[in-house]
Structure formats: structure tokens, C-alpha cells
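Enquirer: Okay, handing you the structure first.
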Amino acid sequence: NAGVMQNPRHLVRRRGQEARLRCSPMKGHSHVYWYRQLPEEGLKFMVYLQKENIIDESGMPKERFSAEFPKEGPSILRIQQVVRGDSAAYFCASSVLGGDHSPLHFGNGTRLTVT
Amino acid sequence: AQKITQTQPGMFVQEKEAVTLDCTYDTSDPSYGLFWYKQPSSGEMIFLIYQGSYDQQNATEGRYSLNFQKARKSANLVISASQLGDSAMYFCAMSSGAGSYQLTFGKGTKLSVIP
């Protein structure tokens, strides 16, 4: 049973370009979470999605960042017009249920570098 | 507001010895979960162990155990018989209350196992 799959593993973008990060949840999981890890920090919550719905985006910057989890296909975290401060590791996790203190199992992350 | 504090930026332990990584938490919710994750230099986040606030027994998973002291609001991770492969960053995290799908992470402790 494959775990949470994220791609690409590494992504390099120039300032002003767009970054698209993909996350395929574990089979049977309909809840997806995105977290960001800045250097020397722990992970910080960004957004929680269920299929076709954003449940909580309180941790996501209001501008340039968006997330979706379509009926078919992976969840996408999209960062438009990237800046150097967006350089970080972005982790995705999934779960069968949401909000029940179940442990989250993360993917291997996407390391975004903005040059 | 939830908060996780890890006061040890770095720790050293001799191979085959036991080590305790400290974690204190703050929440006003009676229902919460406590987690430990390991992040090796390769970058992935590996779930280690979980403790629920209502669990009577301390959680154990192989060489990992969680020393849960509710009155002191501490959830220390004990690793027994350290191995070289245990060298990594270790993060304590908590979920609580209505936003229980959100994990709040500490800043981490870097563990180095000495041969």
C-alpha cells in the first residue's frame, strides 16, 4: 500500500515564476493537508482539503498561494510569482478521517528553491 | 493557543545508551494528541509515536516510549539502545480542540549518536 506520494522531490524556480506541487494521498484517504517547513523550523500548517472542498486555509498566505483537491487526480499546491522567501520544504499528509487526533503520515516533501 | 516547546536544540548520546528528548506543551483543550516525528538528513518526516490525552498508559513503539506527565504538560521521548541511524532531527507536535487536524510543531532537537 503506497504511502503519500509527492512530486517533484526538488523544484527550482526563478523569482516571478509559478510553482506547482503535487500530492497523491494514500489509497482510500479523502483528507489532505499541506504544511510548510522553513529552514531550522518545524512544520507549519497551511491548508486542509477534502475532495473538491477547502475546509481550512487559515495557514496559507492570502496572496499568490492556492490549493485544490479535485474529484480526480492529485492535490495541487500552487504558488504564483514566487519570491525567495517561498523557498522551503512543502509536505503533504493524508488521512481517512479528519479532526480525530489521528497521526498524520507525511509524504517525502517537495523542496522548493527560488533563485 | 497551542504551543510546543523543545528546549534542547542539540543532544549527543553514546551508541547503545538511552536518551530523553524533552517536550512541553500548552493547551486549554481537554482533548489533544501528542506526536513525535523523526526527520533524518534526507528530509522525510517519519511518524514515531502517538499519545492521546485520555490514554492511561504511556505509549511505546519498539525502542521508542513517550513519558507522558499530564500535570506537568510534558511528553518526553525516550529512545532506548541508541543506534547510529537514530541521528536526526526530532520534532514534538500536538493537535488539540476544534482544529485537531492541525498539528503544532516544536522547533526540534537535533540528536547525534556517537559510535
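Letters A, B, ... mark the chains of the C-alpha cells in the order given; residue numbers begin at 1 per chain; ligand numbers begin at 1, in order shown.
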Select residues of chain A: the criterion is any atom within 12 Å of an atom of chain B, counting only C-alpha atoms; output as a PyMOL selection string.

Expert: chain A and resi 3-6+9-10+31-49+55-59+88-111

Enquirer: Within region 24-107 of chain B, find each residue whose DSSP state, derived from the backbone, is helix (DSSP H, G or I), and express the selection as a ChimeraX atom specification.

Expert: /B:84-86,97-99

Enquirer: What does the file look like for those residues with C-alpha atoms, as a PDB file, in the first residue's frame?

Expert:
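Generated file (part_3.pdb):
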```
ATOM      1  CA  LEU B  84      23.755   5.380  14.639  1.00  0.00           C
ATOM      2  CA  GLY B  85      20.693   5.538  12.431  1.00  0.00           C
ATOM      3  CA  ASP B  86      18.852   7.442  15.161  1.00  0.00           C
ATOM      4  CA  GLY B  97      -9.517  21.149  20.191  1.00  0.00           C
ATOM      5  CA  ALA B  98     -11.667  22.078  17.242  1.00  0.00           C
ATOM      6  CA  GLY B  99      -8.676  22.326  14.954  1.00  0.00           C
TER       7      GLY B  99
END
```

Enquirer: CA of Ser87 (chain B) and CA of Phe12 (chain B), how far apart in Å?

Expert: 9.1 Å

Enquirer: Could you pull the residues within 8 Å of Asp26 (chain B), counting only C-alpha atoms, minus those fewer than 5 positions along the same chain, as an MDAnalysis selection string?

Expert: chainID B and resid 1:4 73

Enquirer: Quick one: DSSP strand (DSSP E) residues in chain B, as a ChimeraX atom specification?

Expert: /B:3-5,10-14,19-21,24-26,32-39,46-52,60-61,64-69,74-79,88-96,104-105,109-114

Enquirer: Excluding Cys23 (chain B) and its own-chain neighbours fewer than 3 positions away, which residues fall within 6 Å of it when counting only C-alpha atoms? Please give them as a list of chain:residue names.

Expert: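 With the cut-off at 6 Å, the set is B:Thr5, B:Gln6, B:Ser74, B:Ala75, B:Asn76.
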
Enquirer: Which distance in Å separates CA of His29 (chain A) and CA of Lys71 (chain A), to one decimal?

Expert: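 Taking CA of His29 (chain A) as the start and CA of Lys71 (chain A) as the end point, the length is 12.3 Å.
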
Enquirer: If we count only C-alpha atoms, what is near Pro74 (chain A) at a cut-off of 7 Å, once residues fewer than 4 positions away on the same chain are taken out, given as a list in words?

Expert: Arg22, Cys23, Ser24 and Phe69 of chain A

Enquirer: Please write the residues from the selection above to a file, keeping N, CA and C atoms, as a PDB file, in the first residue's frame.

Expert:
```
ATOM      1  N   ARG A  22       2.595  18.659  -6.284  1.00  0.00           N
ATOM      2  CA  ARG A  22       1.537  17.651  -6.356  1.00  0.00           C
ATOM      3  C   ARG A  22       1.596  16.675  -5.196  1.00  0.00           C
ATOM      4  N   CYS A  23       0.437  16.233  -4.795  1.00  0.00           N
ATOM      5  CA  CYS A  23       0.341  15.285  -3.686  1.00  0.00           C
ATOM      6  C   CYS A  23      -0.745  14.269  -3.977  1.00  0.00           C
ATOM      7  N   SER A  24      -0.375  13.006  -4.024  1.00  0.00           N
ATOM      8  CA  SER A  24      -1.354  11.929  -4.155  1.00  0.00           C
ATOM      9  C   SER A  24      -1.524  11.273  -2.795  1.00  0.00           C
ATOM     10  N   PHE A  69      -8.027  20.162  -4.505  1.00  0.00           N
ATOM     11  CA  PHE A  69      -8.038  18.700  -4.414  1.00  0.00           C
ATOM     12  C   PHE A  69      -9.239  18.255  -5.246  1.00  0.00           C
TER      13      PHE A  69
END
```

Enquirer: Could you name the residues that touch Ala18 (chain B) at 6 Å or less, counting only C-alpha atoms, but leaving out those on the same chain fewer than 2 positions away, as a list in words?

Expert: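 Surrounding residues, per the criterion: Ile79, Ser80, Ala81 and Ser82 of chain B.
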